[in-house]
file start32.txt (compact mmCIF, C-alpha atoms)
# COMPACT_ATOMS: atom_id res chain seq x y z
CA MET A 7 69.21 183.39 101.79
CA ARG A 8 71.19 181.97 98.87
CA ALA A 9 70.12 178.68 97.28
CA ASP A 10 73.44 177.08 98.30
CA SER A 11 72.90 177.71 101.98
CA ARG A 12 69.26 176.63 101.74
CA THR A 13 70.39 173.42 100.04
CA PHE A 14 72.84 172.88 102.86
CA LEU A 15 70.17 173.43 105.52
CA THR A 16 67.66 171.11 103.88
CA THR A 17 70.18 168.33 103.30
CA ALA A 18 72.82 168.54 106.01
CA GLY A 19 70.37 169.38 108.83
CA PRO A 20 68.30 166.20 108.53
CA ILE A 21 71.43 164.12 107.99
CA VAL A 22 72.97 165.41 111.21
CA LEU A 23 69.71 164.80 113.09
CA ARG A 24 69.41 161.33 111.56
CA LEU A 25 72.91 160.41 112.72
CA PHE A 26 72.11 161.84 116.16
CA MET A 27 69.01 159.62 116.37
CA ALA A 28 71.10 156.66 115.20
CA ALA A 29 73.54 157.26 118.06
CA VAL A 30 70.70 157.63 120.59
CA PHE A 31 68.88 154.46 119.60
CA LEU A 32 71.97 152.31 119.07
CA SER A 33 73.50 153.24 122.42
CA SER A 34 70.17 152.82 124.18
CA GLY A 35 69.47 149.42 122.62
CA ILE A 36 72.99 148.09 123.22
CA ALA A 37 72.95 149.19 126.88
CA LYS A 38 69.64 147.38 127.42
CA ILE A 39 70.80 144.20 125.70
CA LEU A 40 73.99 144.12 127.76
CA ASP A 41 71.92 144.12 130.96
CA SER A 42 68.53 142.79 129.94
CA GLU A 43 67.75 141.61 133.48
CA ALA A 44 68.08 145.15 134.81
CA PHE A 45 65.93 146.42 131.94
CA ALA A 46 63.25 143.83 132.78
CA GLN A 47 63.34 145.02 136.41
CA SER A 48 62.89 148.61 135.22
CA ILE A 49 59.77 147.60 133.29
CA TYR A 50 58.35 145.86 136.40
CA LEU A 51 58.57 149.17 138.26
CA TYR A 52 55.91 150.71 135.98
CA LYS A 53 53.43 148.05 137.17
CA LEU A 54 51.69 148.19 133.80
CA VAL A 55 52.01 144.62 132.56
CA PRO A 56 52.50 141.17 134.14
CA VAL A 57 56.00 139.70 134.46
CA PRO A 58 55.98 137.55 131.27
CA ALA A 59 54.87 140.53 129.17
CA ALA A 60 57.53 142.71 130.79
CA ASN A 61 60.18 140.07 130.04
CA LEU A 62 58.99 139.84 126.44
CA ALA A 63 59.30 143.63 126.13
CA ALA A 64 62.79 143.48 127.70
CA VAL A 65 63.85 140.93 125.09
CA THR A 66 62.33 142.58 122.01
CA LEU A 67 62.28 146.35 122.64
CA PRO A 68 66.09 146.84 122.61
CA TRP A 69 66.25 145.09 119.23
CA VAL A 70 63.58 147.36 117.82
CA GLU A 71 65.75 150.26 119.01
CA ILE A 72 68.84 148.73 117.42
CA PHE A 73 67.05 148.14 114.11
CA CYS A 74 65.84 151.74 114.14
CA GLY A 75 69.34 152.93 115.01
CA LEU A 76 70.84 150.95 112.13
CA LEU A 77 68.24 152.27 109.68
CA PHE A 78 68.90 155.84 110.83
CA LEU A 79 72.63 155.21 110.51
CA THR A 80 72.48 153.77 107.00
CA GLY A 81 69.80 156.14 105.75
CA LEU A 82 67.60 153.26 104.63
CA LEU A 83 63.84 153.26 105.38
CA VAL A 84 64.25 156.48 107.36
CA PRO A 85 60.54 157.48 107.41
CA GLU A 86 59.69 153.96 108.63
CA SER A 87 62.39 154.12 111.27
CA ALA A 88 61.15 157.55 112.36
CA LEU A 89 57.58 156.23 112.58
CA ILE A 90 58.61 153.29 114.78
CA SER A 91 60.87 155.43 116.98
CA GLY A 92 58.16 158.07 117.33
CA GLY A 93 55.67 155.39 118.33
CA MET A 94 58.06 154.01 120.93
CA LEU A 95 58.75 157.48 122.33
CA LEU A 96 55.02 158.20 122.58
CA PHE A 97 54.59 154.92 124.43
CA PHE A 98 57.45 155.78 126.81
CA ILE A 99 55.91 159.20 127.49
CA GLY A 100 52.56 157.55 128.25
CA ALA A 101 54.19 155.05 130.60
CA ILE A 102 56.06 157.80 132.47
CA LEU A 103 52.90 159.90 132.78
CA SER A 104 51.03 156.86 134.07
CA SER A 105 53.67 156.29 136.76
CA MET A 106 53.59 159.95 137.74
CA ALA A 107 49.79 159.92 137.95
CA ARG A 108 49.96 156.93 140.29
CA GLY A 109 52.61 158.61 142.45
CA LEU A 110 55.26 156.04 141.56
CA GLN A 111 58.85 157.16 141.84
CA HIS A 112 61.39 154.98 140.09
CA GLU A 113 64.06 154.86 137.43
CA CYS A 114 62.62 155.12 133.95
CA GLY A 115 64.76 152.32 132.51
CA CYS A 116 65.43 154.49 129.50
CA HIS A 117 68.57 156.05 128.18
CA ALA A 118 69.72 159.02 130.28
CA LEU A 119 70.46 161.47 127.51
CA PHE A 120 70.19 164.91 129.10
CA PHE A 121 68.72 164.26 132.54
CA GLU A 122 68.82 161.73 135.34
CA GLU A 123 67.02 158.45 134.88
CA ASN A 124 64.04 158.95 137.20
CA VAL A 125 60.53 159.30 135.81
CA GLY A 126 59.37 162.93 135.84
CA TRP A 127 58.72 166.01 133.74
CA LYS A 128 62.36 166.33 132.72
CA LYS A 129 62.29 162.83 131.27
CA ILE A 130 59.07 163.64 129.41
CA ALA A 131 60.66 166.81 128.01
CA GLU A 132 63.67 164.79 126.88
CA ASN A 133 61.43 162.27 125.11
CA LEU A 134 59.44 165.08 123.50
CA VAL A 135 62.66 166.56 122.07
CA LEU A 136 63.56 163.14 120.65
CA LEU A 137 60.02 162.72 119.30
CA GLU A 138 60.22 166.09 117.57
CA THR A 139 63.60 165.14 116.09
CA CYS A 140 62.13 161.85 114.82
CA LEU A 141 59.27 163.71 113.18
CA ALA A 142 61.61 166.23 111.57
CA VAL A 143 63.91 163.53 110.19
CA GLY A 144 61.01 161.34 109.05
CA LEU A 145 59.28 164.20 107.27
CA ALA A 146 62.49 165.47 105.67
CA TYR A 147 63.16 162.05 104.17
CA LYS A 148 59.53 161.39 103.31
CA LEU A 149 59.43 164.68 101.39
CA LYS A 150 62.75 163.77 99.76
CA ALA A 151 64.54 166.80 101.10
CA CYS A 152 67.44 164.45 101.71
CA PRO A 153 68.96 161.89 99.40
CA THR A 154 68.78 158.23 100.34
CA PRO A 155 72.11 156.42 99.85
CA ARG A 156 70.87 155.07 96.48
CA GLU A 157 69.82 158.52 95.28
CA ALA A 158 73.00 160.08 96.56
CA ALA A 159 75.04 157.60 94.51
CA SER A 160 73.62 158.79 91.15
CA PRO A 161 71.43 161.84 91.41
CA ALA A 162 70.17 163.09 88.08
CA VAL A 163 69.03 166.22 89.85
CA HIS A 164 69.89 166.56 93.51
CA PRO A 165 66.68 165.82 95.49
CA ALA A 166 67.14 168.98 97.51
CA GLU A 167 67.14 170.95 94.28
CA GLN A 168 63.82 169.35 93.33
CA VAL A 169 62.29 170.63 96.56
CA LEU A 170 63.72 174.09 96.14
CA ARG A 171 62.68 174.55 92.50
CA PRO A 172 59.52 176.57 92.12
CA GLY A 173 56.57 174.88 90.45
CA MET B 4 47.78 157.85 100.73
CA SER B 5 49.14 154.58 99.39
CA GLY B 6 52.63 155.88 100.18
CA MET B 7 51.65 156.24 103.82
CA VAL B 8 50.15 152.75 103.87
CA LYS B 9 53.38 151.38 102.43
CA THR B 10 55.40 153.22 105.07
CA VAL B 11 53.24 151.79 107.85
CA ALA B 12 53.39 148.28 106.35
CA ARG B 13 57.18 148.44 106.07
CA SER B 14 57.37 149.75 109.66
CA VAL B 15 55.35 146.79 110.88
CA LEU B 16 57.68 144.43 109.02
CA VAL B 17 60.74 146.10 110.60
CA VAL B 18 59.21 145.73 114.08
CA ILE B 19 58.35 142.07 113.46
CA GLY B 20 61.87 141.43 112.14
CA ALA B 21 63.43 143.14 115.16
CA CYS B 22 61.23 141.18 117.60
CA LEU B 23 62.05 137.88 115.89
CA ALA B 24 65.76 138.74 115.97
CA GLY B 25 65.50 139.58 119.67
CA LEU B 26 63.64 136.38 120.53
CA THR B 27 66.01 134.22 118.49
CA ILE B 28 69.16 135.72 119.96
CA ASN B 29 67.65 135.56 123.46
CA ALA B 30 66.85 131.86 122.99
CA PHE B 31 70.47 131.01 122.10
CA SER B 32 72.24 133.49 124.37
CA PRO B 33 73.66 132.12 127.64
CA ARG B 34 72.53 135.40 129.25
CA GLY B 35 69.06 135.19 127.71
CA LEU B 36 65.99 135.92 129.84
CA SER B 37 63.41 133.29 130.66
CA LEU B 38 60.07 134.84 129.75
CA ALA B 39 58.24 133.26 132.68
CA ARG B 40 60.74 134.00 135.46
CA ASP B 41 60.31 136.94 137.81
CA TYR B 42 63.60 138.86 137.94
CA SER B 43 62.46 141.26 140.65
CA PRO B 44 65.25 142.06 143.10
CA PRO B 45 64.69 140.82 146.65
CA PRO B 46 62.49 143.26 148.58
CA PRO B 47 64.38 145.85 150.60
CA PRO B 48 64.71 145.17 154.32
CA SER B 49 61.61 146.50 156.03
CA PRO B 50 61.99 148.89 158.93
CA SER B 51 61.39 147.35 162.35
CA SER B 52 57.84 147.40 163.73
CA GLN B 53 58.80 150.03 166.34
CA GLU B 54 59.94 152.38 163.58
CA ILE B 55 56.74 152.03 161.57
CA ILE B 56 53.78 154.20 162.44
CA PRO B 57 50.50 152.43 161.53
CA ILE B 58 48.00 154.47 159.55
CA GLN B 59 45.47 154.66 162.42
CA GLU B 60 48.06 156.22 164.73
CA PHE B 61 49.40 158.32 161.88
CA LEU B 62 45.96 159.80 161.18
CA ARG B 63 45.63 160.77 164.84
CA VAL B 64 48.95 162.57 165.10
CA TYR B 65 50.12 163.76 161.70
CA ARG B 66 48.68 167.28 161.97
CA THR B 67 49.63 167.89 165.60
CA PRO B 68 52.29 170.54 166.19
CA ALA B 69 54.66 168.04 167.80
CA VAL B 70 54.89 166.03 164.61
CA VAL B 71 56.81 166.99 161.47
CA LEU B 72 55.81 165.06 158.39
CA LEU B 73 58.57 164.77 155.78
CA ASP B 74 58.04 163.72 152.15
CA ALA B 75 61.19 161.96 150.92
CA ARG B 76 60.05 161.71 147.29
CA ASP B 77 61.25 163.69 144.31
CA PRO B 78 60.08 167.36 144.49
CA ALA B 79 58.14 166.92 141.21
CA LEU B 80 56.09 164.12 142.76
CA TYR B 81 55.60 166.20 145.90
CA GLU B 82 54.22 169.05 143.82
CA ALA B 83 51.92 166.68 141.93
CA GLY B 84 50.34 165.64 145.23
CA HIS B 85 51.35 165.11 148.85
CA ILE B 86 49.89 164.46 152.28
CA PRO B 87 48.54 167.77 153.65
CA GLY B 88 51.04 169.51 155.87
CA ALA B 89 54.00 167.47 154.65
CA VAL B 90 57.30 169.21 153.98
CA SER B 91 59.36 168.14 150.98
CA LEU B 92 62.75 166.81 152.03
CA PRO B 93 64.06 164.71 149.14
CA LEU B 94 67.15 162.57 149.51
CA THR B 95 68.79 164.61 146.76
CA LEU B 96 69.22 167.48 149.22
CA ASP B 97 72.89 168.14 149.79
CA GLU B 98 74.44 167.99 153.23
CA GLU B 99 74.45 171.76 153.75
CA GLN B 100 70.73 172.11 152.93
CA PHE B 101 70.00 169.11 155.14
CA GLN B 102 71.91 170.63 158.05
CA ASP B 103 69.90 173.86 157.63
CA CYS B 104 66.69 171.93 158.36
CA LEU B 105 67.87 170.32 161.56
CA PRO B 106 67.24 173.27 163.94
CA PHE B 107 63.56 173.29 162.95
CA LEU B 108 63.16 169.64 163.83
CA THR B 109 64.79 169.46 167.24
CA GLY B 110 62.43 168.21 169.92
CA ARG B 111 59.74 167.07 167.49
CA THR B 112 58.60 163.68 166.30
CA ILE B 113 59.72 163.16 162.73
CA VAL B 114 57.57 161.01 160.43
CA THR B 115 58.90 160.21 156.97
CA TYR B 116 57.15 158.73 153.97
CA CYS B 117 57.81 158.00 150.30
CA SER B 118 55.91 156.43 147.38
CA GLY B 119 54.88 153.20 149.10
CA ALA B 120 55.96 150.10 150.97
CA ARG B 121 58.44 149.12 148.25
CA CYS B 122 60.39 152.37 148.22
CA THR B 123 63.28 152.84 150.61
CA ASP B 124 63.64 156.63 150.61
CA SER B 125 61.58 157.09 153.80
CA THR B 126 63.78 154.57 155.64
CA THR B 127 66.97 156.15 154.31
CA LEU B 128 65.78 159.62 155.35
CA ALA B 129 64.81 158.34 158.81
CA ASP B 130 68.26 156.74 159.17
CA ARG B 131 69.86 160.05 158.19
CA PHE B 132 68.13 161.74 161.14
CA ARG B 133 68.96 158.92 163.56
CA GLU B 134 72.64 159.19 162.60
CA ARG B 135 72.44 162.82 163.76
CA GLY B 136 71.02 161.91 167.16
CA PHE B 137 67.29 162.27 166.50
CA ALA B 138 65.64 159.51 168.53
CA ASN B 139 62.00 160.11 167.78
CA VAL B 140 61.83 159.20 164.11
CA ARG B 141 59.00 157.09 162.67
CA ILE B 142 58.22 155.86 159.17
CA PHE B 143 54.79 155.90 157.55
CA HIS B 144 55.67 152.74 155.64
CA GLY B 145 52.58 152.58 153.38
CA GLY B 146 53.45 156.08 152.21
CA TRP B 147 51.71 157.86 149.38
CA GLU B 148 50.21 154.64 147.97
CA GLU B 149 48.44 153.77 151.22
CA TRP B 150 47.31 157.37 151.72
CA ASN B 151 45.82 157.46 148.22
CA GLY B 152 44.38 153.98 148.66
CA HIS B 153 42.26 155.26 151.55
CA GLY B 154 41.03 158.18 149.46
CA LEU B 155 42.33 160.69 151.98
CA PRO B 156 42.65 164.41 151.10
CA VAL B 157 45.73 165.55 149.24
CA GLU B 158 47.49 168.84 148.80
CA LYS B 159 49.05 169.92 145.51
CA GLY B 160 51.64 172.49 144.54
CA PRO B 161 55.06 173.44 145.79
CA GLY B 162 53.91 173.60 149.40
CA LYS B 163 55.66 175.61 152.06
CA SER B 164 59.24 175.60 153.12
CA MET B 165 60.27 174.17 156.44
CA ARG B 166 60.79 177.70 157.79
CA GLU B 167 57.23 178.70 156.89
CA ILE B 168 55.61 175.60 158.35
CA LEU B 169 57.57 175.15 161.58

call {"tool": "encode", "arguments": {"input": "start32.txt", "output": "structure tokens"}}
result
Amino acid sequence: MRADSRTFLTTAGPIVLRLFMAAVFLSSGIAKILDSEAFAQSIYLYKLVPVPAANLAAVTLPWVEIFCGLLFLTGLLVPESALISGGMLLFFIGAILSSMARGLQHECGCHALFFEENVGWKKIAENLVLLETCLAVGLAYKLKACPTPREAASPAVHPAEQVLRPG
Amino acid sequence: MSGMVKTVARSVLVVIGACLAGLTINAFSPRGLSLARDYSPPPPPSPSSQEIIPIQEFLRVYRTPAVVLLDARDPALYEAGHIPGAVSLPLTLDEEQFQDCLPFLTGRTIVTYCSGARCTDSTTLADRFRERGFANVRIFHGGWEEWNGHGLPVEKGPGKSMREIL
């Protein structure tokens, strides 16, 4: 594979995935903020926390998603954003598994990306795909395979080139 | 190592900032949530007492040949665990598949159940049969939750089709 195409894969790939994650988290957060009462009701259905804690989560969680979405979008603090998003996705997977283990059948209250909104294996698979994407984006930016906006503005040597250079 | 610590520290700061933003905007928004209020929707209308089959009666009859036990939950939940002998008949079944089941059920007592007393799928499924002229339809209202709560035996796996069981 030529260096040009490798450079493209190591830079454009993570950027595309980062923008995809931005779209996922921004749309998910905005939808929840627009109907926070419905989101609070979705959290009740998990029967994991008392009502005040569920309300607190309904107020704060969408904003964490929006912050992550904005960071993914702008390319700032991407590893941090990936870490937070990954943590949230792990938590969502745990909550869905807990509902399934208790035989609860309800809407997951999360963003229906590929599948319907009910808790179940499909929803877990969807969250695992997002988690994997988060990890890939976070690692790519942590290892500087992609330029941050500041680096992209004045790269002495393109960061992707640094990764590809032997030694 | 210190790079990782910095990443975690910055992540914590982002989360705190987001939470503070959420709480502040919620406090000033006319559509903001009150943290103490319960926003649960009103409970669904319960089926009438004649429709409900109490667990004592249910335990006596659920494995008799005259009774067909139908699990209205999602097939994935059915496979994860169901009442022994129950047949999966989720509400997602289309009309044609539903019609195919009807000949097997004629002349039998139908008992439906779902996740628990708060779910409505068992009632909806029972109504679907009544609309088609089935008179002897009962609802095990406590459903899977009540069954599990009593520590009764469960069956796992895809189970058998209606044709195999009936």

call {"tool": "residues_around", "arguments": {"input": "start32.txt", "residues": "Thr127 of chain B", "least_positions_apart": "5", "cutoff": "12 Å", "atoms": "all atoms listed in the file", "output": "short mmCIF file (atom, residue, chain, number, x, y, z; two decimals) with C-alpha atoms, keeping the file's coordinate frame"}}
result
data_model
loop_
_atom_site.label_atom_id
_atom_site.label_comp_id
_atom_site.auth_asym_id
_atom_site.auth_seq_id
_atom_site.Cartn_x
_atom_site.Cartn_y
_atom_site.Cartn_z
CA PRO B 47 64.38 145.85 150.60
CA PRO B 48 64.71 145.17 154.32
CA SER B 49 61.61 146.50 156.03
CA PRO B 50 61.99 148.89 158.93
CA ASP B 74 58.04 163.72 152.15
CA ALA B 75 61.19 161.96 150.92
CA ARG B 76 60.05 161.71 147.29
CA LEU B 92 62.75 166.81 152.03
CA PRO B 93 64.06 164.71 149.14
CA LEU B 94 67.15 162.57 149.51
CA THR B 95 68.79 164.61 146.76
CA THR B 115 58.90 160.21 156.97
CA TYR B 116 57.15 158.73 153.97
CA CYS B 117 57.81 158.00 150.30
CA CYS B 122 60.39 152.37 148.22
CA PHE B 132 68.13 161.74 161.14
CA ARG B 133 68.96 158.92 163.56
CA GLU B 134 72.64 159.19 162.60
CA VAL B 140 61.83 159.20 164.11
CA ARG B 141 59.00 157.09 162.67
CA ILE B 142 58.22 155.86 159.17
CA HIS B 144 55.67 152.74 155.64
#

call {"tool": "interface_residues", "arguments": {"input": "start32.txt", "of": "chain A", "to": "chain B", "cutoff": "6 Å", "atoms": "all atoms listed in the file", "output": "PyMOL selection string"}}
result
chain A and resi 47+58+61+65-66+69-70+86+110

call {"tool": "write_last_selection", "arguments": {"input": "start32.txt", "atoms": "C-alpha atoms", "output": "JSON list (two decimals), keeping the file's coordinate frame"}}
result
[["chain", "number", "residue", "atom", "x", "y", "z"],
["A", 47, "GLN", "CA", 63.34, 145.02, 136.41],
["A", 58, "PRO", "CA", 55.98, 137.55, 131.27],
["A", 61, "ASN", "CA", 60.18, 140.07, 130.04],
["A", 65, "VAL", "CA", 63.85, 140.93, 125.09],
["A", 66, "THR", "CA", 62.33, 142.58, 122.01],
["A", 69, "TRP", "CA", 66.25, 145.09, 119.23],
["A", 70, "VAL", "CA", 63.58, 147.36, 117.82],
["A", 86, "GLU", "CA", 59.69, 153.96, 108.63],
["A", 110, "LEU", "CA", 55.26, 156.04, 141.56]]

call {"tool": "closest_residue", "arguments": {"input": "start32.txt", "among": "B:Ser125, B:Ser32, B:Ser52, B:Ser5", "to": "Ser91 of chain B", "atoms": "only C-alpha atoms"}}
result
B:Ser125

call {"tool": "closest_residue", "arguments": {"input": "start32.txt", "among": "A:Leu96, A:Ile49, A:Gly109, A:Val125", "to": "Val157 of chain B", "atoms": "all atoms listed in the file"}}
result
A:Gly109

call {"tool": "atom_distance", "arguments": {"input": "start32.txt", "atom1": "atom CA of Gly100 of chain A", "atom2": "atom CA of Ser42 of chain A"}}
result
21.8 Å

call {"tool": "residues_near_point", "arguments": {"input": "start32.txt", "point": "(71.3, 148.3, 121.5)", "cutoff": "10 Å", "atoms": "all atoms listed in the file", "output": "PyMOL selection string"}}
result
chain A and resi 29-40+67-76

call {"tool": "write_last_selection", "arguments": {"input": "start32.txt", "atoms": "C-alpha atoms", "output": "PDB file, keeping the file's coordinate frame"}}
result
ATOM      1  CA  ALA A  29      73.540 157.260 118.060  1.00  0.00           C
ATOM      2  CA  VAL A  30      70.700 157.630 120.590  1.00  0.00           C
ATOM      3  CA  PHE A  31      68.880 154.460 119.600  1.00  0.00           C
ATOM      4  CA  LEU A  32      71.970 152.310 119.070  1.00  0.00           C
ATOM      5  CA  SER A  33      73.500 153.240 122.420  1.00  0.00           C
ATOM      6  CA  SER A  34      70.170 152.820 124.180  1.00  0.00           C
ATOM      7  CA  GLY A  35      69.470 149.420 122.620  1.00  0.00           C
ATOM      8  CA  ILE A  36      72.990 148.090 123.220  1.00  0.00           C
ATOM      9  CA  ALA A  37      72.950 149.190 126.880  1.00  0.00           C
ATOM     10  CA  LYS A  38      69.640 147.380 127.420  1.00  0.00           C
ATOM     11  CA  ILE A  39      70.800 144.200 125.700  1.00  0.00           C
ATOM     12  CA  LEU A  40      73.990 144.120 127.760  1.00  0.00           C
ATOM     13  CA  LEU A  67      62.280 146.350 122.640  1.00  0.00           C
ATOM     14  CA  PRO A  68      66.090 146.840 122.610  1.00  0.00           C
ATOM     15  CA  TRP A  69      66.250 145.090 119.230  1.00  0.00           C
ATOM     16  CA  VAL A  70      63.580 147.360 117.820  1.00  0.00           C
ATOM     17  CA  GLU A  71      65.750 150.260 119.010  1.00  0.00           C
ATOM     18  CA  ILE A  72      68.840 148.730 117.420  1.00  0.00           C
ATOM     19  CA  PHE A  73      67.050 148.140 114.110  1.00  0.00           C
ATOM     20  CA  CYS A  74      65.840 151.740 114.140  1.00  0.00           C
ATOM     21  CA  GLY A  75      69.340 152.930 115.010  1.00  0.00           C
ATOM     22  CA  LEU A  76      70.840 150.950 112.130  1.00  0.00           C
TER      23      LEU A  76
END

call {"tool": "closest_residue", "arguments": {"input": "start32.txt", "among": "A:Val22, A:Ala64, A:Val57, A:Cys116", "to": "Glu132 of chain A", "atoms": "all atoms listed in the file"}}
result
A:Cys116

call {"tool": "atom_distance", "arguments": {"input": "start32.txt", "atom1": "atom CA of Leu51 of chain A", "atom2": "atom CA of Ile56 of chain B"}}
result
25.2 Å

call {"tool": "decode", "arguments": {"input": "start32.txt", "residues": "segment 80-88 of chain B", "atoms": "all heavy atoms", "output": "CSV table (one decimal), in the first residue's frame"}}
result
chain,number,residue,atom,x,y,z
B,80,LEU,N,-36.8,-11.9,25.0
B,80,LEU,CA,-37.1,-12.1,26.5
B,80,LEU,C,-37.7,-13.5,26.7
B,80,LEU,O,-37.3,-14.1,27.7
B,80,LEU,CB,-38.1,-11.0,27.0
B,80,LEU,CG,-37.5,-9.6,27.0
B,80,LEU,CD1,-38.7,-8.6,27.4
B,80,LEU,CD2,-36.4,-9.5,28.0
B,81,TYR,N,-38.5,-13.9,25.8
B,81,TYR,CA,-39.0,-15.3,25.9
B,81,TYR,C,-37.9,-16.3,25.9
B,81,TYR,O,-37.9,-17.2,26.7
B,81,TYR,CB,-40.0,-15.5,24.7
B,81,TYR,CG,-40.5,-16.9,24.6
B,81,TYR,CD1,-41.7,-17.3,25.3
B,81,TYR,CD2,-39.9,-17.9,23.8
B,81,TYR,CE1,-42.2,-18.6,25.2
B,81,TYR,CE2,-40.3,-19.2,23.7
B,81,TYR,CZ,-41.5,-19.5,24.4
B,81,TYR,OH,-41.9,-20.8,24.3
B,82,GLU,N,-37.0,-16.1,25.0
B,82,GLU,CA,-35.8,-17.1,24.9
B,82,GLU,C,-35.0,-17.0,26.2
B,82,GLU,O,-34.4,-18.0,26.6
B,82,GLU,CB,-35.0,-16.8,23.7
B,82,GLU,CG,-35.6,-17.2,22.4
B,82,GLU,CD,-34.7,-17.2,21.2
B,82,GLU,OE1,-33.5,-17.4,21.4
B,82,GLU,OE2,-35.1,-17.1,20.1
B,83,ALA,N,-34.9,-15.8,26.8
B,83,ALA,CA,-34.1,-15.7,28.0
B,83,ALA,C,-34.7,-16.4,29.2
B,83,ALA,O,-34.0,-16.8,30.1
B,83,ALA,CB,-33.9,-14.2,28.3
B,84,GLY,N,-36.0,-16.6,29.1
B,84,GLY,CA,-36.7,-17.3,30.2
B,84,GLY,C,-38.2,-17.1,30.1
B,84,GLY,O,-38.6,-16.0,29.9
B,85,HIS,N,-38.9,-18.2,30.2
B,85,HIS,CA,-40.4,-18.1,30.1
B,85,HIS,C,-41.1,-19.1,31.0
B,85,HIS,O,-40.4,-20.1,31.5
B,85,HIS,CB,-40.9,-18.2,28.7
B,85,HIS,CG,-40.4,-19.5,28.0
B,85,HIS,ND1,-39.3,-19.5,27.2
B,85,HIS,CD2,-40.9,-20.7,28.0
B,85,HIS,CE1,-39.1,-20.7,26.7
B,85,HIS,NE2,-40.1,-21.5,27.2
B,86,ILE,N,-42.3,-19.0,31.2
B,86,ILE,CA,-43.1,-20.0,32.0
B,86,ILE,C,-43.1,-21.3,31.2
B,86,ILE,O,-43.4,-21.3,30.0
B,86,ILE,CB,-44.5,-19.5,32.3
B,86,ILE,CG1,-44.4,-18.2,33.1
B,86,ILE,CG2,-45.3,-20.5,33.1
B,86,ILE,CD1,-45.8,-17.5,33.4
B,87,PRO,N,-42.8,-22.4,31.9
B,87,PRO,CA,-42.8,-23.7,31.1
B,87,PRO,C,-44.1,-23.9,30.4
B,87,PRO,O,-45.2,-23.8,30.9
B,87,PRO,CB,-42.6,-24.7,32.2
B,87,PRO,CG,-41.9,-24.0,33.3
B,87,PRO,CD,-42.4,-22.6,33.3
B,88,GLY,N,-44.0,-24.3,29.1
B,88,GLY,CA,-45.1,-24.7,28.3
B,88,GLY,C,-45.7,-23.5,27.6
B,88,GLY,O,-46.6,-23.6,26.7
